[in-house]
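Q: Coordinates in entry.tsv, TSV, C-alpha atoms, are listed below.
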```tsv
chain	number	residue	atom	x	y	z
A	24	MET	CA	0.00	0.00	0.00
A	25	ARG	CA	1.20	3.51	-0.76
A	26	LYS	CA	2.51	5.48	2.22
A	27	VAL	CA	1.49	9.00	3.15
A	28	LYS	CA	4.63	10.86	4.19
A	29	TYR	CA	4.73	14.19	5.90
A	30	PHE	CA	8.07	15.78	4.91
A	31	VAL	CA	9.02	19.31	5.93
A	32	ALA	CA	11.74	21.55	7.34
A	33	ASN	CA	11.06	23.22	10.65
A	34	SER	CA	12.66	25.41	13.30
A	35	LEU	CA	13.46	23.92	16.72
A	36	ASP	CA	10.37	25.69	18.06
A	37	ASN	CA	8.31	23.89	15.41
A	38	TYR	CA	7.42	26.57	12.92
A	39	ILE	CA	7.46	25.74	9.22
A	40	ALA	CA	7.26	29.34	7.98
A	41	ARG	CA	7.17	32.88	9.30
A	42	LYS	CA	3.74	34.42	9.84
A	43	ASN	CA	3.78	35.75	6.26
A	44	GLY	CA	4.71	32.33	4.88
A	45	ALA	CA	8.39	33.20	4.33
A	46	VAL	CA	10.98	30.43	4.52
A	47	ASP	CA	14.03	32.68	4.07
A	48	TRP	CA	15.50	31.11	7.25
A	49	LEU	CA	16.02	27.70	5.58
A	50	PHE	CA	19.68	26.73	5.18
A	51	MET	CA	20.52	26.70	1.48
A	52	ASP	CA	24.18	25.70	1.73
A	53	GLY	CA	24.17	22.74	-0.61
A	54	THR	CA	23.72	20.15	2.15
A	55	ASP	CA	22.02	17.02	0.81
A	56	TYR	CA	18.88	16.65	2.89
A	57	GLY	CA	17.79	13.59	0.92
A	58	MET	CA	15.18	15.54	-1.00
A	59	GLY	CA	16.25	13.94	-4.28
A	60	ASP	CA	15.60	10.47	-2.91
A	61	PHE	CA	12.38	11.64	-1.33
A	62	PHE	CA	11.02	13.10	-4.55
A	63	LYS	CA	11.88	9.89	-6.39
A	64	SER	CA	9.72	7.99	-3.90
A	65	ILE	CA	6.52	10.01	-4.48
A	66	ASP	CA	4.21	10.81	-7.37
A	67	THR	CA	1.33	12.56	-5.62
A	68	ILE	CA	0.96	15.62	-3.36
A	69	LEU	CA	-1.71	16.39	-0.77
A	70	LEU	CA	-2.04	19.94	0.49
A	71	GLY	CA	-4.48	22.23	2.22
A	72	ARG	CA	-5.73	25.47	0.72
A	73	LYS	CA	-3.48	27.72	2.84
A	74	THR	CA	-0.36	25.70	2.02
A	75	TYR	CA	-1.36	25.71	-1.64
A	76	GLU	CA	-1.61	29.49	-1.69
A	77	ILE	CA	1.72	29.92	0.12
A	78	ALA	CA	3.41	27.39	-2.16
A	79	LEU	CA	2.10	29.17	-5.25
A	80	ARG	CA	3.58	32.46	-4.05
A	81	GLN	CA	6.96	30.80	-3.44
A	82	ASN	CA	7.15	28.78	-6.62
A	83	PRO	CA	8.44	30.99	-9.42
A	84	ARG	CA	7.20	28.54	-12.03
A	85	SER	CA	3.63	29.11	-10.93
A	86	ARG	CA	3.34	32.89	-11.22
A	87	ASN	CA	0.14	32.37	-13.11
A	88	SER	CA	-1.45	31.14	-9.85
A	89	LYS	CA	-1.94	27.80	-11.49
A	90	SER	CA	0.25	24.85	-10.73
A	91	ASN	CA	0.19	21.14	-10.08
A	92	PHE	CA	3.76	21.23	-8.65
A	93	GLY	CA	4.91	18.86	-11.34
A	94	MET	CA	2.83	15.90	-10.27
A	95	LYS	CA	-0.69	14.80	-9.43
A	96	SER	CA	-1.87	17.16	-6.69
A	97	TYR	CA	-4.94	17.22	-4.48
A	98	ILE	CA	-5.83	20.47	-2.76
A	99	PHE	CA	-8.25	20.04	0.14
A	100	SER	CA	-10.72	22.85	0.52
A	101	ARG	CA	-14.43	23.32	0.99
A	102	THR	CA	-14.31	26.83	-0.48
A	103	LEU	CA	-11.51	27.03	-3.06
A	104	LYS	CA	-12.50	28.50	-6.43
A	105	LEU	CA	-9.31	28.46	-8.44
A	106	SER	CA	-8.23	27.64	-11.91
A	107	LEU	CA	-5.81	24.76	-11.38
A	108	GLY	CA	-3.09	23.32	-13.56
A	109	ASP	CA	-3.56	19.98	-15.31
A	110	GLY	CA	-3.32	17.16	-12.82
A	111	ALA	CA	-4.38	19.32	-9.87
A	112	GLN	CA	-7.77	18.75	-8.31
A	113	VAL	CA	-9.76	20.28	-5.48
A	114	ILE	CA	-11.13	17.79	-2.95
A	115	SER	CA	-14.02	19.01	-0.85
A	116	GLN	CA	-15.17	15.68	0.53
A	117	ASN	CA	-14.01	13.96	3.74
A	118	ALA	CA	-10.20	14.04	3.58
A	119	GLY	CA	-9.63	10.85	5.57
A	120	ALA	CA	-11.89	8.69	3.41
A	121	PHE	CA	-10.44	10.16	0.23
A	122	VAL	CA	-6.84	9.52	1.26
A	123	ARG	CA	-7.62	6.03	2.54
A	124	SER	CA	-8.95	5.18	-0.88
A	125	LEU	CA	-6.04	6.91	-2.65
A	126	LYS	CA	-3.57	4.76	-0.71
A	127	MET	CA	-5.18	1.64	-2.17
A	128	GLU	CA	-4.54	2.77	-5.76
A	129	GLU	CA	-1.45	1.83	-7.73
A	130	GLY	CA	1.39	4.33	-7.53
A	131	LYS	CA	4.34	5.66	-5.60
A	132	ASP	CA	4.12	7.19	-2.14
A	133	ILE	CA	2.19	10.35	-1.35
A	134	TRP	CA	3.59	13.61	0.04
A	135	LEU	CA	1.54	15.37	2.67
A	136	MET	CA	2.79	18.94	2.25
A	137	GLY	CA	2.33	21.58	4.92
A	138	GLY	CA	0.84	21.29	8.39
A	139	GLY	CA	-2.27	22.70	9.94
A	140	GLU	CA	-5.85	21.55	9.51
A	141	LEU	CA	-5.25	18.95	6.80
A	142	MET	CA	-2.48	17.29	8.77
A	143	LYS	CA	-4.68	17.29	11.86
A	144	SER	CA	-7.59	15.61	10.13
A	145	LEU	CA	-5.35	13.03	8.42
A	146	LEU	CA	-3.52	12.24	11.67
A	147	LEU	CA	-6.81	11.75	13.49
A	148	GLU	CA	-8.07	9.55	10.63
A	149	ASN	CA	-4.93	7.37	10.96
A	150	VAL	CA	-3.90	7.67	7.31
A	151	VAL	CA	-0.45	9.25	7.80
A	152	ASP	CA	2.43	6.74	7.81
A	153	GLU	CA	5.60	8.77	8.32
A	154	ILE	CA	6.76	12.15	9.61
A	155	SER	CA	10.12	13.45	8.33
A	156	LEU	CA	11.50	16.67	9.77
A	157	ASN	CA	14.63	18.65	9.02
A	158	ILE	CA	14.99	20.50	12.31
A	159	HIS	CA	16.93	23.72	11.78
A	160	PRO	CA	19.05	25.09	14.64
A	161	LEU	CA	17.09	28.24	15.39
A	162	LEU	CA	14.05	29.55	17.22
A	163	LEU	CA	11.83	31.46	14.80
A	164	GLY	CA	9.78	32.80	17.70
A	165	SER	CA	6.51	32.89	15.79
A	166	GLY	CA	5.01	31.73	12.53
A	167	VAL	CA	3.02	28.89	11.00
A	168	PHE	CA	2.91	25.96	13.39
A	169	LEU	CA	4.10	22.52	12.34
A	170	PHE	CA	1.89	20.44	14.62
A	171	PRO	CA	-1.79	20.93	15.27
A	172	GLU	CA	-3.24	20.49	18.74
A	173	LEU	CA	-4.69	16.97	18.99
A	174	ASP	CA	-7.06	15.39	21.47
A	175	LYS	CA	-4.99	12.23	21.70
A	176	GLN	CA	-1.38	11.07	22.00
A	177	ILE	CA	0.29	9.56	18.93
A	178	ASP	CA	3.26	7.26	19.47
A	179	LEU	CA	6.14	7.28	16.99
A	180	GLU	CA	9.07	5.06	16.11
A	181	LEU	CA	12.30	6.74	15.05
A	182	ILE	CA	13.33	4.92	11.87
A	183	ASN	CA	16.03	7.21	10.50
A	184	SER	CA	18.19	10.08	11.70
A	185	ASN	CA	20.98	12.17	10.26
A	186	ILE	CA	22.89	14.95	12.02
A	187	HIS	CA	24.21	17.42	9.45
A	188	LYS	CA	27.38	19.48	9.88
A	189	ASN	CA	25.38	22.70	9.67
A	190	GLY	CA	23.40	21.69	12.75
A	191	CYS	CA	20.29	20.49	10.96
A	192	ILE	CA	18.84	17.30	12.42
A	193	GLN	CA	16.97	15.15	9.96
A	194	VAL	CA	14.64	12.59	11.49
A	195	THR	CA	12.02	10.20	10.15
A	196	TYR	CA	9.40	8.63	12.36
A	197	ARG	CA	6.92	5.89	11.61
A	198	ILE	CA	3.52	6.52	13.13
A	199	LYS	CA	2.66	3.52	15.25
A	200	ASP	CA	-0.62	1.72	14.77
A	201	GLN	CA	-3.40	3.54	16.51
A	202	ALA	CA	-6.76	2.57	17.82
A	203	PRO	CA	-9.57	3.97	15.66
A	204	HIS	CA	-10.26	7.59	16.55
A	205	GLN	CA	-13.23	8.12	18.87
A	206	LYS	CA	-15.11	11.27	17.97
B	28	MET	CA	31.27	32.93	33.91
B	29	ARG	CA	28.58	30.48	35.00
B	30	LYS	CA	26.30	29.25	32.25
B	31	VAL	CA	22.51	29.19	32.37
B	32	LYS	CA	21.38	25.87	30.89
B	33	TYR	CA	17.85	25.03	29.92
B	34	PHE	CA	17.59	21.23	30.23
B	35	VAL	CA	14.32	19.38	29.73
B	36	ALA	CA	12.61	16.40	28.10
B	37	ASN	CA	9.95	17.13	25.50
B	38	SER	CA	7.63	15.48	23.02
B	39	LEU	CA	8.24	15.94	19.29
B	40	ASP	CA	5.40	18.44	19.27
B	41	ASN	CA	7.23	20.41	21.96
B	42	TYR	CA	5.23	19.81	25.08
B	43	ILE	CA	7.04	19.31	28.38
B	44	ALA	CA	4.02	18.03	30.32
B	45	ARG	CA	0.37	17.21	29.84
B	46	LYS	CA	-2.13	19.94	30.62
B	47	ASN	CA	-2.35	18.74	34.22
B	48	GLY	CA	1.44	18.75	34.56
B	49	ALA	CA	1.80	14.96	34.22
B	50	VAL	CA	5.02	13.54	32.75
B	51	ASP	CA	3.93	9.89	32.77
B	52	TRP	CA	4.86	9.71	29.06
B	53	LEU	CA	8.61	10.05	29.78
B	54	PHE	CA	10.63	6.93	28.92
B	55	MET	CA	11.93	5.42	32.16
B	56	ASP	CA	13.76	2.43	30.69
B	57	GLY	CA	17.15	2.96	32.29
B	58	THR	CA	18.65	4.79	29.30
B	59	ASP	CA	21.42	7.15	30.40
B	60	TYR	CA	20.33	10.58	29.25
B	61	GLY	CA	23.40	12.21	30.79
B	62	MET	CA	21.42	13.56	33.72
B	63	GLY	CA	24.11	12.44	36.18
B	64	ASP	CA	26.75	14.50	34.36
B	65	PHE	CA	24.34	17.38	34.02
B	66	PHE	CA	23.53	17.48	37.72
B	67	LYS	CA	27.24	17.41	38.56
B	68	SER	CA	27.69	20.53	36.44
B	69	ILE	CA	25.12	22.67	38.31
B	70	ASP	CA	24.55	23.94	41.83
B	71	THR	CA	21.66	26.34	41.35
B	72	ILE	CA	18.11	26.12	39.97
B	73	LEU	CA	15.94	28.83	38.45
B	74	LEU	CA	12.24	28.22	38.08
B	75	GLY	CA	8.97	30.04	37.62
B	76	ARG	CA	6.07	29.77	40.03
B	77	LYS	CA	4.03	27.39	37.88
B	78	THR	CA	6.95	25.03	37.34
B	79	TYR	CA	7.71	25.20	41.06
B	80	GLU	CA	4.19	24.15	41.96
B	81	ILE	CA	4.19	21.30	39.39
B	82	ALA	CA	7.63	20.13	40.55
B	83	LEU	CA	6.51	20.13	44.18
B	84	ARG	CA	3.54	17.93	43.32
B	85	GLN	CA	5.80	15.50	41.47
B	86	ASN	CA	8.62	15.34	43.97
B	87	PRO	CA	7.71	12.85	46.70
B	88	ARG	CA	10.35	14.28	48.99
B	89	SER	CA	8.56	17.60	49.08
B	90	ARG	CA	5.10	16.55	50.19
B	91	ASN	CA	5.23	19.30	52.77
B	92	SER	CA	5.01	21.82	49.89
B	93	LYS	CA	8.41	23.06	50.88
B	94	SER	CA	11.51	22.18	48.94
B	95	ASN	CA	14.71	23.60	47.59
B	96	PHE	CA	15.21	20.57	45.26
B	97	GLY	CA	18.46	19.76	47.00
B	98	MET	CA	20.31	22.90	45.96
B	99	LYS	CA	20.14	26.67	45.95
B	100	SER	CA	16.86	27.54	44.20
B	101	TYR	CA	15.34	30.77	43.01
B	102	ILE	CA	11.62	30.86	42.31
B	103	PHE	CA	10.54	33.81	40.18
B	104	SER	CA	7.15	35.22	41.08
B	105	ARG	CA	5.56	38.54	41.76
B	106	THR	CA	2.79	36.97	43.83
B	107	LEU	CA	4.11	33.81	45.51
B	108	LYS	CA	3.43	33.53	49.23
B	109	LEU	CA	4.89	30.18	50.22
B	110	SER	CA	6.91	28.76	53.01
B	111	LEU	CA	10.10	27.64	51.24
B	112	GLY	CA	12.77	25.16	52.22
B	113	ASP	CA	16.20	26.36	53.32
B	114	GLY	CA	18.18	27.61	50.35
B	115	ALA	CA	15.08	28.46	48.33
B	116	GLN	CA	14.23	32.09	47.72
B	117	VAL	CA	11.47	33.98	45.92
B	118	ILE	CA	12.69	36.58	43.42
B	119	SER	CA	10.17	39.25	42.51
B	120	GLN	CA	12.55	41.73	40.87
B	121	ASN	CA	13.54	41.87	37.19
B	122	ALA	CA	14.55	38.31	36.29
B	123	GLY	CA	17.09	39.28	33.61
B	124	ALA	CA	19.05	41.65	35.85
B	125	PHE	CA	19.00	39.16	38.72
B	126	VAL	CA	20.28	36.27	36.60
B	127	ARG	CA	22.91	38.42	34.90
B	128	SER	CA	24.30	39.25	38.31
B	129	LEU	CA	24.00	35.63	39.51
B	130	LYS	CA	26.11	34.47	36.55
B	131	MET	CA	28.96	36.71	37.74
B	132	GLU	CA	29.11	35.01	41.15
B	133	GLU	CA	31.38	32.08	41.93
B	134	GLY	CA	29.78	28.67	41.44
B	135	LYS	CA	28.84	25.92	39.09
B	136	ASP	CA	26.40	26.31	36.23
B	137	ILE	CA	22.73	27.17	36.66
B	138	TRP	CA	19.73	25.07	35.62
B	139	LEU	CA	16.81	26.89	34.11
B	140	MET	CA	13.99	24.46	34.87
B	141	GLY	CA	10.68	24.53	33.02
B	142	GLY	CA	9.57	26.70	30.15
B	143	GLY	CA	7.00	29.41	29.85
B	144	GLU	CA	7.18	33.00	31.01
B	145	LEU	CA	10.49	32.76	32.87
B	146	MET	CA	12.23	31.19	29.89
B	147	LYS	CA	10.76	33.85	27.62
B	148	SER	CA	11.99	36.74	29.72
B	149	LEU	CA	15.45	35.19	30.17
B	150	LEU	CA	15.77	34.43	26.44
B	151	LEU	CA	14.81	37.99	25.57
B	152	GLU	CA	17.27	39.32	28.15
B	153	ASN	CA	20.04	37.23	26.52
B	154	VAL	CA	21.07	35.43	29.70
B	155	VAL	CA	20.43	31.83	28.59
B	156	ASP	CA	23.53	30.03	27.28
B	157	GLU	CA	22.39	26.53	26.32
B	158	ILE	CA	19.25	24.59	25.46
B	159	SER	CA	19.32	20.81	25.97
B	160	LEU	CA	16.35	18.75	24.89
B	161	ASN	CA	15.61	15.06	25.11
B	162	ILE	CA	13.07	14.77	22.31
B	163	HIS	CA	10.78	11.79	22.91
B	164	PRO	CA	9.29	9.96	19.89
B	165	LEU	CA	5.65	10.86	20.39
B	166	LEU	CA	3.10	13.59	19.80
B	167	LEU	CA	1.43	14.50	23.09
B	168	GLY	CA	-1.18	16.52	21.20
B	169	SER	CA	-1.64	19.12	23.93
B	170	GLY	CA	-0.05	20.22	27.19
B	171	VAL	CA	2.44	22.69	28.60
B	172	PHE	CA	4.42	24.27	25.80
B	173	LEU	CA	8.21	24.13	25.74
B	174	PHE	CA	8.90	27.30	23.82
B	175	PRO	CA	7.24	30.67	24.33
B	176	GLU	CA	6.26	32.85	21.39
B	177	LEU	CA	9.03	35.42	20.85
B	178	ASP	CA	9.14	38.61	18.87
B	179	LYS	CA	12.54	37.83	17.43
B	180	GLN	CA	14.51	34.96	15.90
B	181	ILE	CA	17.22	33.31	18.01
B	182	ASP	CA	20.01	31.46	16.20
B	183	LEU	CA	21.46	28.31	17.72
B	184	GLU	CA	24.57	26.18	17.27
B	185	LEU	CA	24.20	22.43	17.70
B	186	ILE	CA	27.06	21.45	20.02
B	187	ASN	CA	26.07	17.91	21.00
B	188	SER	CA	23.68	15.21	19.85
B	189	ASN	CA	22.95	11.65	20.82
B	190	ILE	CA	20.43	9.32	19.23
B	191	HIS	CA	19.24	6.76	21.76
B	192	LYS	CA	18.10	3.23	20.88
B	193	ASN	CA	14.65	3.94	22.30
B	194	GLY	CA	14.17	6.74	19.76
B	195	CYS	CA	14.92	9.65	22.07
B	196	ILE	CA	17.04	12.35	20.46
B	197	GLN	CA	19.21	14.28	22.87
B	198	VAL	CA	20.48	17.59	21.57
B	199	THR	CA	22.32	20.53	23.07
B	200	TYR	CA	22.42	23.94	21.40
B	201	ARG	CA	24.48	26.98	22.26
B	202	ILE	CA	22.54	30.19	21.92
B	203	LYS	CA	24.46	32.42	19.55
B	204	ASP	CA	25.37	35.94	20.56
B	205	GLN	CA	22.45	38.23	20.06
B	206	ALA	CA	22.06	41.94	19.58
B	207	PRO	CA	20.62	43.59	22.70
B	208	HIS	CA	16.83	43.21	22.78
B	209	GLN	CA	14.87	46.22	21.58
B	210	LYS	CA	11.70	46.67	23.60
```
Would you mind writing the structure in this file as structure tokens?

A:
Amino acid sequence: MRKVKYFVANSLDNYIARKNGAVDWLFMDGTDYGMGDFFKSIDTILLGRKTYEIALRQNPRSRNSKSNFGMKSYIFSRTLKLSLGDGAQVISQNAGAFVRSLKMEEGKDIWLMGGGELMKSLLLENVVDEISLNIHPLLLGSGVFLFPELDKQIDLELINSNIHKNGCIQVTYRIKDQAPHQK
Amino acid sequence: MRKVKYFVANSLDNYIARKNGAVDWLFMDGTDYGMGDFFKSIDTILLGRKTYEIALRQNPRSRNSKSNFGMKSYIFSRTLKLSLGDGAQVISQNAGAFVRSLKMEEGKDIWLMGGGELMKSLLLENVVDEISLNIHPLLLGSGVFLFPELDKQIDLELINSNIHKNGCIQVTYRIKDQAPHQK
């Protein structure tokens, strides 16, 4: 079955962007954070509306406000009215059920991009398989939070770690099997 | 000069305790997290009122609501009216100025215990030297937050890291020199 992988860079205080969405604080010093390997392992992107809008602003290739990020993309929103690139699709139905079904299809793994509400609902629906962070050595102080507040504890297994010379700590966790979520 | 070291265990989503202060989720499997070496390096504790009250509840030796945690302790509070153990003292004056002066005295290093308001004011006053975390492989979902929201970015240097077999990641950062805080 295809895995859903959350893969992001964060500050030690768990922000993934400044309040305005800026990621100018990311280290761009040529260190290999394994992104090449990661992108080879996926062929589909899941993202929420807010992440989609931020990503569009930051992606120079999508200045026309219309992008599929180079692969099949699903943008989760109940309200979004946007002209999307080929291969991009707005999903307004229940995210958990949609992703559960998507995981059963043929294909490579699936990138859950960005945190917030979509991550929360997919975590609670038990459809996320892995969390990969590239923890940067800084406190941003404020910004867009990585982890949503949850009403339950989720246990993880550390399956990979890499300490980079520039102080970035790259970690991958497997989300342990959970009991079905009680609403 | 004596260093002020923040030293704590946290969840991956940066909580240091459940909402009720409980730390039952900490791994107690005999792994050496370097606490013995850490405690040898300090002779003084700084803590805020809330952390003090939580620590008292959790420390069986202080059931009389009166403890100095075995060493010279300063509890920062503008309101605290408590009978304290010998060697414990309530500080109601400006925390930054007090700690700056304390660092100039003779002695071992100083443990900044617990997060929250005290950590925020000491970070902004540039008197914290190191942050050591023992990141546990779990999402608590909610609880007492490790890092306060700050109105500035603080850059860190990773000076030590240790990946434990149980999935705990122990990291120590030096806080880089900062420009004086502009209020």

Q: Both chains have the same sequence, so superpose chain B on chain A over all Cα atoms paired in order and return it as a short mmCIF file (atom, residue, chain, number, x, y, z; two decimals) with C-alpha atoms, keeping the file's coordinate frame.

A:
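This went into out_22.cif:
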```cif
data_model
loop_
_atom_site.label_atom_id
_atom_site.label_comp_id
_atom_site.auth_asym_id
_atom_site.auth_seq_id
_atom_site.Cartn_x
_atom_site.Cartn_y
_atom_site.Cartn_z
CA MET B 28 0.01 0.00 0.00
CA ARG B 29 1.22 3.52 -0.77
CA LYS B 30 2.50 5.47 2.20
CA VAL B 31 1.49 9.00 3.15
CA LYS B 32 4.64 10.86 4.18
CA TYR B 33 4.72 14.19 5.91
CA PHE B 34 8.06 15.77 4.92
CA VAL B 35 9.00 19.30 5.93
CA ALA B 36 11.73 21.54 7.33
CA ASN B 37 11.07 23.22 10.67
CA SER B 38 12.65 25.40 13.31
CA LEU B 39 13.44 23.93 16.73
CA ASP B 40 10.37 25.70 18.06
CA ASN B 41 8.30 23.90 15.42
CA TYR B 42 7.43 26.57 12.93
CA ILE B 43 7.45 25.74 9.23
CA ALA B 44 7.25 29.35 8.00
CA ARG B 45 7.14 32.88 9.31
CA LYS B 46 3.73 34.42 9.84
CA ASN B 47 3.76 35.76 6.28
CA GLY B 48 4.69 32.34 4.89
CA ALA B 49 8.37 33.21 4.34
CA VAL B 50 10.97 30.43 4.52
CA ASP B 51 14.02 32.66 4.07
CA TRP B 52 15.49 31.12 7.25
CA LEU B 53 16.00 27.70 5.59
CA PHE B 54 19.67 26.72 5.19
CA MET B 55 20.50 26.69 1.48
CA ASP B 56 24.16 25.71 1.74
CA GLY B 57 24.16 22.74 -0.61
CA THR B 58 23.73 20.14 2.14
CA ASP B 59 22.01 17.02 0.81
CA TYR B 60 18.88 16.64 2.90
CA GLY B 61 17.79 13.58 0.92
CA MET B 62 15.18 15.54 -0.99
CA GLY B 63 16.25 13.94 -4.29
CA ASP B 64 15.59 10.45 -2.90
CA PHE B 65 12.38 11.63 -1.32
CA PHE B 66 11.02 13.09 -4.54
CA LYS B 67 11.87 9.87 -6.39
CA SER B 68 9.72 7.98 -3.89
CA ILE B 69 6.52 10.00 -4.49
CA ASP B 70 4.21 10.81 -7.37
CA THR B 71 1.34 12.57 -5.62
CA ILE B 72 0.96 15.62 -3.37
CA LEU B 73 -1.70 16.40 -0.78
CA LEU B 74 -2.05 19.93 0.48
CA GLY B 75 -4.49 22.23 2.20
CA ARG B 76 -5.71 25.48 0.71
CA LYS B 77 -3.48 27.72 2.81
CA THR B 78 -0.36 25.72 2.02
CA TYR B 79 -1.35 25.72 -1.65
CA GLU B 80 -1.61 29.49 -1.72
CA ILE B 81 1.74 29.93 0.11
CA ALA B 82 3.43 27.40 -2.18
CA LEU B 83 2.10 29.16 -5.27
CA ARG B 84 3.55 32.46 -4.08
CA GLN B 85 6.93 30.82 -3.47
CA ASN B 86 7.14 28.79 -6.64
CA PRO B 87 8.41 31.02 -9.45
CA ARG B 88 7.18 28.57 -12.05
CA SER B 89 3.61 29.12 -10.96
CA ARG B 90 3.31 32.88 -11.24
CA ASN B 91 0.09 32.36 -13.14
CA SER B 92 -1.47 31.13 -9.86
CA LYS B 93 -1.96 27.79 -11.49
CA SER B 94 0.25 24.84 -10.73
CA ASN B 95 0.20 21.15 -10.07
CA PHE B 96 3.78 21.23 -8.64
CA GLY B 97 4.92 18.87 -11.35
CA MET B 98 2.84 15.90 -10.26
CA LYS B 99 -0.67 14.79 -9.44
CA SER B 100 -1.88 17.15 -6.69
CA TYR B 101 -4.93 17.22 -4.49
CA ILE B 102 -5.84 20.47 -2.77
CA PHE B 103 -8.25 20.04 0.13
CA SER B 104 -10.72 22.87 0.53
CA ARG B 105 -14.41 23.35 1.01
CA THR B 106 -14.30 26.85 -0.47
CA LEU B 107 -11.51 27.04 -3.06
CA LYS B 108 -12.49 28.51 -6.41
CA LEU B 109 -9.29 28.50 -8.44
CA SER B 110 -8.21 27.68 -11.91
CA LEU B 111 -5.81 24.77 -11.37
CA GLY B 112 -3.07 23.34 -13.55
CA ASP B 113 -3.55 20.01 -15.30
CA GLY B 114 -3.32 17.17 -12.82
CA ALA B 115 -4.38 19.32 -9.88
CA GLN B 116 -7.78 18.76 -8.33
CA VAL B 117 -9.76 20.29 -5.48
CA ILE B 118 -11.12 17.79 -2.95
CA SER B 119 -14.01 19.03 -0.84
CA GLN B 120 -15.17 15.67 0.53
CA ASN B 121 -13.99 13.97 3.73
CA ALA B 122 -10.19 14.05 3.57
CA GLY B 123 -9.63 10.85 5.56
CA ALA B 124 -11.90 8.70 3.39
CA PHE B 125 -10.43 10.17 0.21
CA VAL B 126 -6.83 9.53 1.25
CA ARG B 127 -7.60 6.04 2.54
CA SER B 128 -8.95 5.18 -0.88
CA LEU B 129 -6.04 6.92 -2.66
CA LYS B 130 -3.56 4.77 -0.71
CA MET B 131 -5.17 1.63 -2.17
CA GLU B 132 -4.53 2.76 -5.76
CA GLU B 133 -1.43 1.81 -7.73
CA GLY B 134 1.40 4.33 -7.51
CA LYS B 135 4.33 5.65 -5.60
CA ASP B 136 4.11 7.18 -2.15
CA ILE B 137 2.19 10.35 -1.35
CA TRP B 138 3.60 13.61 0.04
CA LEU B 139 1.55 15.37 2.65
CA MET B 140 2.79 18.94 2.24
CA GLY B 141 2.34 21.58 4.92
CA GLY B 142 0.85 21.29 8.36
CA GLY B 143 -2.26 22.68 9.92
CA GLU B 144 -5.84 21.54 9.51
CA LEU B 145 -5.23 18.96 6.78
CA MET B 146 -2.47 17.28 8.77
CA LYS B 147 -4.68 17.28 11.85
CA SER B 148 -7.59 15.60 10.13
CA LEU B 149 -5.35 13.03 8.42
CA LEU B 150 -3.51 12.24 11.67
CA LEU B 151 -6.80 11.75 13.48
CA GLU B 152 -8.08 9.56 10.64
CA ASN B 153 -4.94 7.38 10.96
CA VAL B 154 -3.89 7.69 7.32
CA VAL B 155 -0.45 9.26 7.81
CA ASP B 156 2.43 6.75 7.80
CA GLU B 157 5.60 8.78 8.31
CA ILE B 158 6.77 12.15 9.61
CA SER B 159 10.12 13.46 8.34
CA LEU B 160 11.50 16.66 9.77
CA ASN B 161 14.63 18.63 9.02
CA ILE B 162 14.99 20.49 12.30
CA HIS B 163 16.93 23.72 11.78
CA PRO B 164 19.06 25.10 14.65
CA LEU B 165 17.09 28.24 15.39
CA LEU B 166 14.05 29.55 17.22
CA LEU B 167 11.83 31.45 14.79
CA GLY B 168 9.79 32.79 17.71
CA SER B 169 6.50 32.89 15.81
CA GLY B 170 5.01 31.72 12.52
CA VAL B 171 3.02 28.88 11.00
CA PHE B 172 2.90 25.96 13.39
CA LEU B 173 4.09 22.51 12.36
CA PHE B 174 1.90 20.42 14.61
CA PRO B 175 -1.80 20.92 15.28
CA GLU B 176 -3.24 20.49 18.76
CA LEU B 177 -4.69 16.97 19.01
CA ASP B 178 -7.04 15.39 21.48
CA LYS B 179 -4.98 12.24 21.72
CA GLN B 180 -1.37 11.08 22.02
CA ILE B 181 0.29 9.57 18.94
CA ASP B 182 3.27 7.26 19.47
CA LEU B 183 6.13 7.29 17.00
CA GLU B 184 9.07 5.06 16.11
CA LEU B 185 12.30 6.75 15.05
CA ILE B 186 13.33 4.92 11.87
CA ASN B 187 16.04 7.22 10.51
CA SER B 188 18.19 10.09 11.71
CA ASN B 189 20.99 12.16 10.28
CA ILE B 190 22.89 14.93 12.01
CA HIS B 191 24.20 17.40 9.45
CA LYS B 192 27.38 19.46 9.88
CA ASN B 193 25.38 22.68 9.66
CA GLY B 194 23.39 21.67 12.75
CA CYS B 195 20.27 20.47 10.96
CA ILE B 196 18.83 17.28 12.43
CA GLN B 197 16.97 15.13 9.95
CA VAL B 198 14.64 12.58 11.48
CA THR B 199 12.02 10.21 10.16
CA TYR B 200 9.38 8.63 12.39
CA ARG B 201 6.91 5.88 11.62
CA ILE B 202 3.52 6.52 13.14
CA LYS B 203 2.66 3.52 15.28
CA ASP B 204 -0.61 1.71 14.79
CA GLN B 205 -3.37 3.52 16.55
CA ALA B 206 -6.76 2.53 17.86
CA PRO B 207 -9.55 3.94 15.68
CA HIS B 208 -10.26 7.57 16.59
CA GLN B 209 -13.23 8.11 18.88
CA LYS B 210 -15.08 11.29 17.97
#
```

Q: Which polymer residues have any atom within 7 Å of an atom of Ile114 of chain A, counting all atoms listed in the file, with same-chain residues fewer than 4 positions away left out, as a ChimeraX atom specification?

A: /A:97-100

Q: Can you work out which one of B:Phe96, B:Ser38, B:Asp156, B:Glu144 has the shortest atom-to-atom distance to chain A, counting only C-alpha atoms?

A: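 Smallest distance to chain A is found for B:Ser38.
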
Q: So which residues touch Glu180 of chain A within 12 Å, counting only C-alpha atoms, skipping near sequence neighbours fewer than 3 positions away, as a list in words?

A: Asp152, Glu153, Ile154, Ser155, Ile177, Asn183, Ser184, Val194, Thr195, Tyr196, Arg197, Ile198, Lys199 and Asp200 of chain A; Leu39, His163, Pro164, Leu165, Leu166, His191, Lys192, Asn193, Gly194, Cys195 and Ile196 of chain B

Q: If you measure from atom CA of Phe34 of chain B to atom CA of Asn189 of chain B, what distance in Å do you get, rounded to one decimal?

A: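 Pair atom CA of Phe34 of chain B / atom CA of Asn189 of chain B returns 14.5 Å.
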